[in-house]
2 protein chains.
Amino acid sequence: MPKRVDVDARRREIADALLRLAATEGLESVSLRHVAAEAGVSMGAVQHYFRTKDDMLRFALEHQARRREQRIVARLTAAGRPPTVREIIRTSLLEVLPTDDESRADWLVGIAFFIRAMRDPAMAEVLAEGVPQVVGFFTEQLGAAQADGLLAPGVDPYQEAVLLWSAVDSQATAIVLGERDPGDAVATVDYYLDRLFVI
Amino acid sequence: MPKRVDVDARRREIADALLRLAATEGLESVSLRHVAAEAGVSMGAVQHYFRTKDDMLRFALEHQARRREQRIVARLTAAGRPPTVREIIRTSLLEVLPTDDESRADWLVGIAFFIRAMRDPAMAEVLAEGVPQVVGFFTEQLGAAQADGLLAPGVDPYQEAVLLWSAVDSQATAIVLGERDPGDAVATVDYYLDRLFVI
(Lines give C-alpha, C1' and ligand atoms only; values in the text may rest on other atoms or scores of the structure.)
Protein backbone atom coordinates (compact mmCIF):
# COMPACT_ATOMS: atom_id res chain seq x y z
CA MET A 1 0.00 0.00 0.00
CA PRO A 2 2.62 2.65 0.87
CA LYS A 3 4.59 1.61 -2.23
CA ARG A 4 1.54 2.16 -4.47
CA VAL A 5 1.05 5.62 -2.98
CA ASP A 6 4.68 6.44 -3.75
CA VAL A 7 4.29 5.27 -7.33
CA ASP A 8 1.21 7.43 -7.85
CA ALA A 9 2.85 10.45 -6.21
CA ARG A 10 5.93 10.09 -8.40
CA ARG A 11 3.82 9.71 -11.55
CA ARG A 12 1.92 12.87 -10.63
CA GLU A 13 5.18 14.79 -10.08
CA ILE A 14 6.43 13.76 -13.51
CA ALA A 15 3.05 14.64 -15.04
CA ASP A 16 3.17 18.08 -13.39
CA ALA A 17 6.60 18.63 -14.96
CA LEU A 18 5.24 17.63 -18.37
CA LEU A 19 2.23 19.95 -17.97
CA ARG A 20 4.50 22.90 -17.06
CA LEU A 21 6.58 22.29 -20.19
CA ALA A 22 3.49 21.86 -22.37
CA ALA A 23 2.04 25.17 -21.11
CA THR A 24 5.25 27.14 -21.72
CA GLU A 25 6.84 25.46 -24.74
CA GLY A 26 4.17 23.28 -26.31
CA LEU A 27 4.64 19.57 -26.87
CA GLU A 28 6.42 19.55 -30.22
CA SER A 29 9.93 19.93 -28.86
CA VAL A 30 9.38 18.25 -25.47
CA SER A 31 11.41 15.05 -25.03
CA LEU A 32 11.69 12.53 -22.19
CA ARG A 33 15.01 14.24 -21.38
CA HIS A 34 13.27 17.62 -20.91
CA VAL A 35 10.56 16.11 -18.74
CA ALA A 36 13.12 14.31 -16.56
CA ALA A 37 15.16 17.50 -16.12
CA GLU A 38 12.02 19.56 -15.27
CA ALA A 39 10.88 16.91 -12.76
CA GLY A 40 14.38 16.62 -11.25
CA VAL A 41 14.63 12.88 -11.89
CA SER A 42 16.67 10.67 -14.21
CA MET A 43 15.46 9.64 -17.67
CA GLY A 44 15.56 6.07 -16.37
CA ALA A 45 13.11 7.06 -13.63
CA VAL A 46 10.69 8.55 -16.16
CA GLN A 47 10.92 5.36 -18.22
CA HIS A 48 10.34 3.33 -15.09
CA TYR A 49 7.11 5.14 -14.23
CA PHE A 50 5.74 5.35 -17.78
CA ARG A 51 6.07 2.60 -20.35
CA THR A 52 5.79 4.96 -23.33
CA LYS A 53 5.61 8.67 -24.08
CA ASP A 54 1.94 8.24 -25.07
CA ASP A 55 1.28 6.59 -21.71
CA MET A 56 2.82 9.64 -20.00
CA LEU A 57 0.85 12.11 -22.14
CA ARG A 58 -2.43 10.33 -21.46
CA PHE A 59 -1.74 10.17 -17.70
CA ALA A 60 -0.82 13.89 -17.66
CA LEU A 61 -4.13 14.79 -19.35
CA GLU A 62 -6.10 12.71 -16.84
CA HIS A 63 -4.10 14.20 -13.98
CA GLN A 64 -4.87 17.70 -15.22
CA ALA A 65 -8.59 16.90 -15.51
CA ARG A 66 -8.62 15.58 -11.91
CA ARG A 67 -6.84 18.69 -10.62
CA ARG A 68 -9.40 20.92 -12.37
CA GLU A 69 -12.26 18.86 -10.96
CA GLN A 70 -10.80 19.24 -7.47
CA ARG A 71 -10.61 23.02 -7.90
CA ILE A 72 -14.25 23.12 -9.03
CA VAL A 73 -15.39 20.98 -6.08
CA ALA A 74 -13.35 23.15 -3.68
CA ARG A 75 -15.05 26.32 -4.98
CA LEU A 76 -18.50 24.74 -4.81
CA THR A 77 -18.10 23.44 -1.25
CA ALA A 78 -16.62 26.72 0.00
CA ALA A 79 -20.16 28.13 0.20
CA GLY A 80 -20.97 25.63 2.98
CA ARG A 81 -24.32 24.56 1.45
CA PRO A 82 -25.31 22.35 -1.47
CA PRO A 83 -24.71 24.24 -4.73
CA THR A 84 -27.54 24.83 -7.22
CA VAL A 85 -27.30 23.39 -10.75
CA ARG A 86 -26.66 26.87 -12.04
CA GLU A 87 -23.75 27.29 -9.61
CA ILE A 88 -22.31 23.91 -10.58
CA ILE A 89 -22.43 24.74 -14.27
CA ARG A 90 -21.22 28.33 -13.89
CA THR A 91 -18.30 27.30 -11.69
CA SER A 92 -17.32 24.55 -14.14
CA LEU A 93 -17.47 26.94 -17.11
CA LEU A 94 -15.52 29.71 -15.37
CA GLU A 95 -12.82 27.26 -14.30
CA VAL A 96 -12.26 26.47 -17.99
CA LEU A 97 -11.85 30.13 -18.99
CA PRO A 98 -8.26 31.39 -18.56
CA THR A 99 -8.94 33.94 -15.82
CA ASP A 100 -5.89 33.25 -13.62
CA ASP A 101 -2.43 31.66 -13.94
CA GLU A 102 -3.68 28.15 -13.23
CA SER A 103 -6.61 28.12 -15.67
CA ARG A 104 -4.47 29.89 -18.29
CA ALA A 105 -1.74 27.24 -17.99
CA ASP A 106 -4.42 24.54 -18.23
CA TRP A 107 -5.78 25.99 -21.45
CA LEU A 108 -2.31 26.35 -22.96
CA VAL A 109 -1.74 22.67 -22.16
CA GLY A 110 -4.99 21.88 -23.95
CA ILE A 111 -3.80 23.79 -27.02
CA ALA A 112 -0.44 21.98 -26.93
CA PHE A 113 -2.26 18.62 -26.94
CA PHE A 114 -4.60 19.86 -29.67
CA ILE A 115 -1.66 20.85 -31.88
CA ARG A 116 -0.14 17.40 -31.37
CA ALA A 117 -3.51 15.75 -32.11
CA MET A 118 -3.66 17.50 -35.49
CA ARG A 119 -0.72 15.32 -36.61
CA ASP A 120 -1.24 12.29 -34.35
CA PRO A 121 -4.48 10.27 -34.69
CA ALA A 122 -3.80 8.33 -31.45
CA MET A 123 -3.64 11.61 -29.51
CA ALA A 124 -6.74 12.86 -31.33
CA GLU A 125 -8.57 9.77 -30.04
CA VAL A 126 -7.48 10.44 -26.46
CA LEU A 127 -8.48 14.12 -26.70
CA ALA A 128 -11.83 13.19 -28.25
CA GLU A 129 -12.86 11.56 -24.97
CA GLY A 130 -12.80 14.83 -23.03
CA VAL A 131 -15.57 17.01 -24.46
CA PRO A 132 -18.31 14.34 -24.57
CA GLN A 133 -17.70 13.77 -20.83
CA VAL A 134 -18.18 17.48 -20.08
CA VAL A 135 -21.20 17.73 -22.39
CA GLY A 136 -22.67 14.57 -20.82
CA PHE A 137 -22.24 16.00 -17.32
CA PHE A 138 -23.87 19.32 -18.29
CA THR A 139 -26.71 17.50 -20.07
CA GLU A 140 -27.44 15.48 -16.93
CA GLN A 141 -27.34 18.55 -14.70
CA LEU A 142 -29.56 20.57 -17.05
CA GLY A 143 -31.99 17.64 -17.30
CA ALA A 144 -32.36 17.67 -13.52
CA ALA A 145 -32.81 21.47 -13.53
CA GLN A 146 -35.44 21.14 -16.24
CA ALA A 147 -37.34 18.53 -14.20
CA ASP A 148 -37.34 21.05 -11.34
CA GLY A 149 -38.77 23.74 -13.61
CA LEU A 150 -35.64 25.90 -13.47
CA LEU A 151 -35.02 26.24 -17.22
CA ALA A 152 -36.60 28.40 -19.91
CA PRO A 153 -39.52 26.60 -21.61
CA GLY A 154 -38.76 24.19 -24.42
CA VAL A 155 -34.96 24.08 -24.16
CA ASP A 156 -33.04 20.90 -25.01
CA PRO A 157 -30.53 20.00 -22.27
CA TYR A 158 -28.14 18.27 -24.69
CA GLN A 159 -28.07 21.13 -27.21
CA GLU A 160 -27.68 23.65 -24.39
CA ALA A 161 -24.77 21.61 -23.02
CA VAL A 162 -23.04 21.69 -26.42
CA LEU A 163 -23.61 25.45 -26.70
CA LEU A 164 -22.33 26.14 -23.18
CA TRP A 165 -19.17 24.16 -23.90
CA SER A 166 -18.72 25.97 -27.23
CA ALA A 167 -19.05 29.35 -25.51
CA VAL A 168 -16.11 28.69 -23.19
CA ASP A 169 -14.07 26.63 -25.67
CA SER A 170 -14.07 29.37 -28.29
CA GLN A 171 -13.61 32.27 -25.87
CA ALA A 172 -10.83 30.53 -23.91
CA THR A 173 -8.67 30.31 -27.02
CA ALA A 174 -9.47 33.94 -27.89
CA ILE A 175 -8.34 34.95 -24.38
CA VAL A 176 -4.92 33.25 -24.62
CA LEU A 177 -4.44 34.82 -28.08
CA GLY A 178 -5.11 38.22 -26.51
CA GLU A 179 -8.23 38.67 -28.65
CA ARG A 180 -10.75 38.68 -25.83
CA ASP A 181 -10.85 40.10 -22.33
CA PRO A 182 -11.50 37.46 -19.61
CA GLY A 183 -14.10 39.69 -17.91
CA ASP A 184 -16.01 40.05 -21.20
CA ALA A 185 -15.98 36.26 -21.62
CA VAL A 186 -17.43 35.79 -18.12
CA ALA A 187 -20.12 38.39 -18.93
CA THR A 188 -21.08 36.41 -22.05
CA VAL A 189 -21.36 33.18 -20.03
CA ASP A 190 -23.56 34.93 -17.44
CA TYR A 191 -25.70 36.45 -20.18
CA TYR A 192 -26.30 32.98 -21.60
CA LEU A 193 -27.06 31.42 -18.21
CA ASP A 194 -29.58 34.21 -17.62
CA ARG A 195 -31.31 33.25 -20.89
CA LEU A 196 -31.24 29.55 -20.00
CA PHE A 197 -32.33 29.59 -16.38
CA VAL A 198 -35.62 31.17 -15.38
CA ILE A 199 -34.65 30.96 -11.69
CA MET B 1 -4.99 48.87 -65.84
CA PRO B 2 -4.35 45.47 -67.46
CA LYS B 3 -0.98 45.33 -65.69
CA ARG B 4 -2.63 45.90 -62.29
CA VAL B 5 -5.12 43.13 -63.03
CA ASP B 6 -2.23 40.80 -63.87
CA VAL B 7 -0.44 41.64 -60.64
CA ASP B 8 -3.55 40.92 -58.58
CA ALA B 9 -4.24 37.68 -60.44
CA ARG B 10 -0.68 36.50 -59.90
CA ARG B 11 -0.80 37.41 -56.20
CA ARG B 12 -4.02 35.44 -55.85
CA GLU B 13 -2.49 32.40 -57.59
CA ILE B 14 0.45 32.45 -55.19
CA ALA B 15 -1.91 32.92 -52.24
CA ASP B 16 -3.99 29.94 -53.42
CA ALA B 17 -0.82 27.84 -53.48
CA LEU B 18 0.06 28.96 -49.95
CA LEU B 19 -3.48 28.16 -48.73
CA ARG B 20 -3.33 24.66 -50.25
CA LEU B 21 -0.04 24.00 -48.45
CA ALA B 22 -1.33 25.46 -45.17
CA ALA B 23 -4.41 23.20 -45.30
CA THR B 24 -2.43 20.02 -45.99
CA GLU B 25 0.87 20.56 -44.18
CA GLY B 26 0.37 23.48 -41.82
CA LEU B 27 2.54 26.58 -41.92
CA GLU B 28 5.44 25.49 -39.71
CA SER B 29 7.46 23.83 -42.45
CA VAL B 30 6.23 25.92 -45.40
CA SER B 31 8.98 28.02 -47.03
CA LEU B 32 8.99 30.47 -49.94
CA ARG B 33 10.54 27.63 -51.95
CA HIS B 34 7.54 25.35 -51.25
CA VAL B 35 5.07 28.07 -52.14
CA ALA B 36 6.89 28.85 -55.39
CA ALA B 37 6.95 25.15 -56.36
CA GLU B 38 3.25 24.71 -55.51
CA ALA B 39 2.34 27.83 -57.52
CA GLY B 40 4.56 26.77 -60.43
CA VAL B 41 6.59 30.00 -60.37
CA SER B 42 10.16 30.91 -59.43
CA MET B 43 11.17 31.98 -55.93
CA GLY B 44 12.15 35.30 -57.49
CA ALA B 45 8.59 35.73 -58.74
CA VAL B 46 7.16 35.11 -55.26
CA GLN B 47 9.58 37.68 -53.86
CA HIS B 48 8.60 40.08 -56.61
CA TYR B 49 4.89 39.88 -55.75
CA PHE B 50 5.30 39.89 -51.94
CA ARG B 51 7.86 41.98 -50.10
CA THR B 52 7.97 39.67 -47.07
CA LYS B 53 6.62 36.31 -45.95
CA ASP B 54 4.33 38.12 -43.49
CA ASP B 55 2.99 40.23 -46.36
CA MET B 56 2.20 37.02 -48.25
CA LEU B 57 0.54 35.38 -45.22
CA ARG B 58 -1.63 38.43 -44.56
CA PHE B 59 -2.67 38.68 -48.22
CA ALA B 60 -3.52 34.95 -48.27
CA LEU B 61 -5.77 35.33 -45.21
CA GLU B 62 -7.58 38.28 -46.78
CA HIS B 63 -7.88 36.40 -50.07
CA GLN B 64 -9.40 33.43 -48.26
CA ALA B 65 -11.89 35.68 -46.43
CA ARG B 66 -12.94 37.26 -49.75
CA ARG B 67 -13.41 33.83 -51.36
CA ARG B 68 -15.58 32.71 -48.43
CA GLU B 69 -17.62 35.91 -48.64
CA GLN B 70 -18.18 35.31 -52.35
CA ARG B 71 -19.41 31.77 -51.65
CA ILE B 72 -21.84 33.10 -49.02
CA VAL B 73 -23.15 35.80 -51.36
CA ALA B 74 -23.53 33.23 -54.18
CA ARG B 75 -25.61 30.96 -51.93
CA LEU B 76 -27.76 33.84 -50.72
CA THR B 77 -28.48 35.21 -54.19
CA ALA B 78 -29.24 31.75 -55.61
CA ALA B 79 -32.73 31.98 -54.08
CA GLY B 80 -33.57 34.85 -56.44
CA ARG B 81 -35.11 37.07 -53.72
CA PRO B 82 -33.66 39.18 -50.91
CA PRO B 83 -32.51 36.88 -48.07
CA THR B 84 -33.89 37.28 -44.55
CA VAL B 85 -31.53 38.12 -41.67
CA ARG B 86 -31.91 34.58 -40.42
CA GLU B 87 -30.87 33.25 -43.84
CA ILE B 88 -27.88 35.60 -43.98
CA ILE B 89 -26.67 34.51 -40.55
CA ARG B 90 -27.39 30.79 -41.04
CA THR B 91 -25.62 30.74 -44.41
CA SER B 92 -22.60 32.56 -42.96
CA LEU B 93 -22.41 30.15 -40.00
CA LEU B 94 -22.80 27.03 -42.13
CA GLU B 95 -20.11 28.22 -44.53
CA VAL B 96 -17.68 28.31 -41.57
CA LEU B 97 -18.44 24.73 -40.49
CA PRO B 98 -16.31 22.14 -42.34
CA THR B 99 -19.14 20.41 -44.19
CA ASP B 100 -17.41 19.99 -47.60
CA ASP B 101 -13.87 19.94 -49.01
CA GLU B 102 -13.69 23.70 -49.44
CA SER B 103 -14.92 24.69 -45.99
CA ARG B 104 -12.81 21.94 -44.43
CA ALA B 105 -9.66 23.23 -46.18
CA ASP B 106 -10.55 26.76 -45.04
CA TRP B 107 -10.81 25.69 -41.43
CA LEU B 108 -7.53 23.76 -41.60
CA VAL B 109 -5.90 26.92 -42.95
CA GLY B 110 -7.34 28.82 -39.99
CA ILE B 111 -5.84 26.26 -37.60
CA ALA B 112 -2.46 26.52 -39.35
CA PHE B 113 -2.51 30.31 -38.88
CA PHE B 114 -3.66 29.88 -35.28
CA ILE B 115 -0.76 27.53 -34.52
CA ARG B 116 1.64 30.07 -36.00
CA ALA B 117 0.00 32.88 -34.02
CA MET B 118 0.64 31.01 -30.76
CA ARG B 119 4.39 31.65 -31.32
CA ASP B 120 4.23 34.83 -33.41
CA PRO B 121 2.66 37.96 -31.87
CA ALA B 122 2.58 39.77 -35.24
CA MET B 123 0.48 36.94 -36.70
CA ALA B 124 -1.70 36.92 -33.58
CA GLU B 125 -2.43 40.61 -34.23
CA VAL B 126 -3.45 39.92 -37.83
CA LEU B 127 -5.67 36.99 -36.79
CA ALA B 128 -7.24 39.07 -34.02
CA GLU B 129 -8.84 41.32 -36.66
CA GLY B 130 -11.02 38.53 -38.06
CA VAL B 131 -13.47 37.57 -35.33
CA PRO B 132 -14.49 41.12 -34.29
CA GLN B 133 -15.43 41.76 -37.94
CA VAL B 134 -17.69 38.69 -38.01
CA VAL B 135 -19.16 39.49 -34.60
CA GLY B 136 -19.71 43.11 -35.67
CA PHE B 137 -21.52 42.01 -38.81
CA PHE B 138 -23.76 39.57 -36.89
CA THR B 139 -24.46 42.23 -34.23
CA GLU B 140 -25.58 44.69 -36.90
CA GLN B 141 -27.79 42.10 -38.63
CA LEU B 142 -29.34 40.97 -35.34
CA GLY B 143 -29.93 44.59 -34.32
CA ALA B 144 -31.92 45.10 -37.53
CA ALA B 145 -33.85 41.88 -36.92
CA GLN B 146 -34.60 42.99 -33.38
CA ALA B 147 -35.92 46.36 -34.63
CA ASP B 148 -38.25 44.38 -36.91
CA GLY B 149 -39.49 42.31 -33.96
CA LEU B 150 -37.98 39.06 -35.26
CA LEU B 151 -35.97 38.11 -32.17
CA ALA B 152 -36.92 36.55 -28.84
CA PRO B 153 -37.73 39.21 -26.24
CA GLY B 154 -34.86 40.80 -24.32
CA VAL B 155 -31.93 39.33 -26.23
CA ASP B 156 -28.69 41.30 -26.67
CA PRO B 157 -27.55 41.35 -30.32
CA TYR B 158 -23.85 41.66 -29.41
CA GLN B 159 -23.87 38.79 -26.90
CA GLU B 160 -25.86 36.64 -29.32
CA ALA B 161 -23.32 37.41 -32.05
CA VAL B 162 -20.47 36.27 -29.78
CA LEU B 163 -22.37 33.07 -28.89
CA LEU B 164 -23.21 32.28 -32.52
CA TRP B 165 -19.56 32.67 -33.50
CA SER B 166 -18.48 30.50 -30.54
CA ALA B 167 -20.93 27.77 -31.57
CA VAL B 168 -19.35 27.39 -35.01
CA ASP B 169 -15.77 28.14 -33.92
CA SER B 170 -15.74 25.39 -31.32
CA GLN B 171 -17.66 22.83 -33.37
CA ALA B 172 -15.60 23.45 -36.54
CA THR B 173 -12.42 22.41 -34.75
CA ALA B 174 -14.19 19.39 -33.23
CA ILE B 175 -15.26 18.37 -36.75
CA VAL B 176 -11.75 18.44 -38.24
CA LEU B 177 -10.47 16.47 -35.21
CA GLY B 178 -13.13 13.85 -35.96
CA GLU B 179 -14.85 14.52 -32.62
CA ARG B 180 -18.10 15.85 -34.02
CA ASP B 181 -20.33 14.98 -36.92
CA PRO B 182 -20.94 17.92 -39.34
CA GLY B 183 -24.69 17.16 -39.45
CA ASP B 184 -24.88 17.30 -35.64
CA ALA B 185 -23.10 20.67 -35.68
CA VAL B 186 -25.61 22.04 -38.20
CA ALA B 187 -28.46 20.74 -36.01
CA THR B 188 -27.01 22.61 -33.01
CA VAL B 189 -26.80 25.85 -35.02
CA ASP B 190 -30.41 25.45 -36.16
CA TYR B 191 -31.52 24.70 -32.61
CA TYR B 192 -29.92 27.93 -31.45
CA LEU B 193 -31.38 30.00 -34.29
CA ASP B 194 -34.82 28.60 -33.39
CA ARG B 195 -34.32 29.85 -29.82
CA LEU B 196 -33.10 33.25 -31.02
CA PHE B 197 -35.61 34.06 -33.77
CA VAL B 198 -39.33 34.10 -33.02
CA ILE B 199 -40.09 34.28 -36.75
# chains A, B, ... in the order shown; residues from 1 in each chain; ligands from 1

$ residues_around --residues "Arg104 of chain A" --least-positions-apart "2" --cutoff "10 Å" --atoms "only C-alpha atoms" --output "VMD selection string"
chain A and resid 23 95 to 102 106 to 110 172 to 173 175 to 176

$ write_last_selection --atoms "N, CA and C atoms" --output "PDB file, in the first residue's frame"
ATOM      1  N   ALA A  23       2.653  23.835 -21.193  1.00  0.00           N
ATOM      2  CA  ALA A  23       2.043  25.172 -21.113  1.00  0.00           C
ATOM      3  C   ALA A  23       3.003  26.248 -21.599  1.00  0.00           C
ATOM      4  N   GLU A  95     -14.124  27.885 -14.572  1.00  0.00           N
ATOM      5  CA  GLU A  95     -12.822  27.258 -14.301  1.00  0.00           C
ATOM      6  C   GLU A  95     -12.105  26.921 -15.609  1.00  0.00           C
ATOM      7  N   VAL A  96     -12.870  26.745 -16.681  1.00  0.00           N
ATOM      8  CA  VAL A  96     -12.257  26.471 -17.993  1.00  0.00           C
ATOM      9  C   VAL A  96     -11.671  27.752 -18.593  1.00  0.00           C
ATOM     10  N   LEU A  97     -12.354  28.875 -18.416  1.00  0.00           N
ATOM     11  CA  LEU A  97     -11.849  30.135 -18.990  1.00  0.00           C
ATOM     12  C   LEU A  97     -10.531  30.539 -18.334  1.00  0.00           C
ATOM     13  N   PRO A  98      -9.555  30.968 -19.124  1.00  0.00           N
ATOM     14  CA  PRO A  98      -8.264  31.390 -18.560  1.00  0.00           C
ATOM     15  C   PRO A  98      -8.370  32.744 -17.867  1.00  0.00           C
ATOM     16  N   THR A  99      -8.763  32.700 -16.580  1.00  0.00           N
ATOM     17  CA  THR A  99      -8.940  33.943 -15.820  1.00  0.00           C
ATOM     18  C   THR A  99      -7.840  34.140 -14.774  1.00  0.00           C
ATOM     19  N   ASP A 100      -7.028  33.106 -14.533  1.00  0.00           N
ATOM     20  CA  ASP A 100      -5.886  33.246 -13.621  1.00  0.00           C
ATOM     21  C   ASP A 100      -4.745  32.365 -14.147  1.00  0.00           C
ATOM     22  N   ASP A 101      -3.607  32.380 -13.443  1.00  0.00           N
ATOM     23  CA  ASP A 101      -2.430  31.662 -13.944  1.00  0.00           C
ATOM     24  C   ASP A 101      -2.714  30.168 -14.139  1.00  0.00           C
ATOM     25  N   GLU A 102      -3.456  29.589 -13.194  1.00  0.00           N
ATOM     26  CA  GLU A 102      -3.679  28.147 -13.234  1.00  0.00           C
ATOM     27  C   GLU A 102      -4.579  27.750 -14.415  1.00  0.00           C
ATOM     28  N   ASP A 106      -3.617  25.700 -17.826  1.00  0.00           N
ATOM     29  CA  ASP A 106      -4.424  24.538 -18.233  1.00  0.00           C
ATOM     30  C   ASP A 106      -4.850  24.648 -19.694  1.00  0.00           C
ATOM     31  N   TRP A 107      -5.304  25.848 -20.079  1.00  0.00           N
ATOM     32  CA  TRP A 107      -5.783  25.988 -21.454  1.00  0.00           C
ATOM     33  C   TRP A 107      -4.626  25.909 -22.455  1.00  0.00           C
ATOM     34  N   LEU A 108      -3.476  26.447 -22.085  1.00  0.00           N
ATOM     35  CA  LEU A 108      -2.306  26.350 -22.962  1.00  0.00           C
ATOM     36  C   LEU A 108      -1.887  24.888 -23.124  1.00  0.00           C
ATOM     37  N   VAL A 109      -2.008  24.101 -22.064  1.00  0.00           N
ATOM     38  CA  VAL A 109      -1.735  22.670 -22.163  1.00  0.00           C
ATOM     39  C   VAL A 109      -2.712  22.032 -23.153  1.00  0.00           C
ATOM     40  N   GLY A 110      -3.986  22.412 -23.033  1.00  0.00           N
ATOM     41  CA  GLY A 110      -4.992  21.879 -23.954  1.00  0.00           C
ATOM     42  C   GLY A 110      -4.645  22.185 -25.403  1.00  0.00           C
ATOM     43  N   ALA A 172     -12.080  30.822 -24.623  1.00  0.00           N
ATOM     44  CA  ALA A 172     -10.828  30.528 -23.906  1.00  0.00           C
ATOM     45  C   ALA A 172      -9.638  30.693 -24.847  1.00  0.00           C
ATOM     46  N   THR A 173      -9.770  30.178 -26.055  1.00  0.00           N
ATOM     47  CA  THR A 173      -8.674  30.314 -27.019  1.00  0.00           C
ATOM     48  C   THR A 173      -8.485  31.780 -27.408  1.00  0.00           C
ATOM     49  N   ILE A 175      -8.991  34.276 -25.522  1.00  0.00           N
ATOM     50  CA  ILE A 175      -8.335  34.946 -24.385  1.00  0.00           C
ATOM     51  C   ILE A 175      -6.821  34.716 -24.427  1.00  0.00           C
ATOM     52  N   VAL A 176      -6.381  33.477 -24.631  1.00  0.00           N
ATOM     53  CA  VAL A 176      -4.920  33.251 -24.623  1.00  0.00           C
ATOM     54  C   VAL A 176      -4.247  33.886 -25.838  1.00  0.00           C
TER      55      VAL A 176
END

$ closest_atom_pairs --of "chain A" --to "chain B" --cutoff "8 Å" --atoms "only C-alpha atoms" --output "tab-separated table"
residue	atom	partner	partner_atom	distance
A:Ile115	CA	B:Ile115	CA	7.2
A:Ala117	CA	B:Leu177	CA	7.7
A:Met118	CA	B:Leu177	CA	6.9
A:Ala124	CA	B:Leu177	CA	6.5
A:Ala128	CA	B:Glu179	CA	5.5
A:Gln159	CA	B:Thr188	CA	6.1
A:Val162	CA	B:Thr188	CA	7.7
A:Leu163	CA	B:Ala167	CA	6.0
A:Ser166	CA	B:Ser170	CA	5.1
A:Ala167	CA	B:Ser166	CA	5.2
A:Val168	CA	B:Ser166	CA	7.9
A:Asp169	CA	B:Ser170	CA	6.0
A:Ser170	CA	B:Ser166	CA	5.1
A:Gln171	CA	B:Ser166	CA	7.0
A:Leu177	CA	B:Ala124	CA	6.5
A:Gly178	CA	B:Ala128	CA	7.9
A:Glu179	CA	B:Ala128	CA	5.5
A:Thr188	CA	B:Gln159	CA	6.1
A:Tyr191	CA	B:Gln159	CA	7.3

$ closest_residue --among "A:Arg12, A:Arg58, A:Arg68, A:Arg86" --to "Ala39 of chain A" --atoms "only C-alpha atoms"
A:Arg12

$ atom_distance --atom1 "atom CA of Glu38 of chain A" --atom2 "atom CA of Ala17 of chain A"
5.5 Å

$ atom_distance --atom1 "atom CA of Arg90 of chain A" --atom2 "atom CA of Asp190 of chain B"
24.3 Å

$ residues_around --residues "Gly40 of chain B" --least-positions-apart "2" --cutoff "12 Å" --atoms "only C-alpha atoms" --output "count of residues only"
18

$ closest_residue --among "A:Arg71, A:Val41, A:Ala161, A:Leu150" --to "Gly136 of chain A" --atoms "only C-alpha atoms"
A:Ala161

$ select_by_dssp --residues "segment 8-158 of chain B" --states "helix (DSSP H, G or I)" --output "PyMOL selection string"
chain B and resi 8-25+32-39+43-49+53-77+85-96+101-117+121-127+130-147+157-158

$ closest_residue --among "A:Val135, A:Ile199, A:Leu21, A:Met123" --to "Pro153 of chain A" --atoms "only C-alpha atoms"
A:Ile199
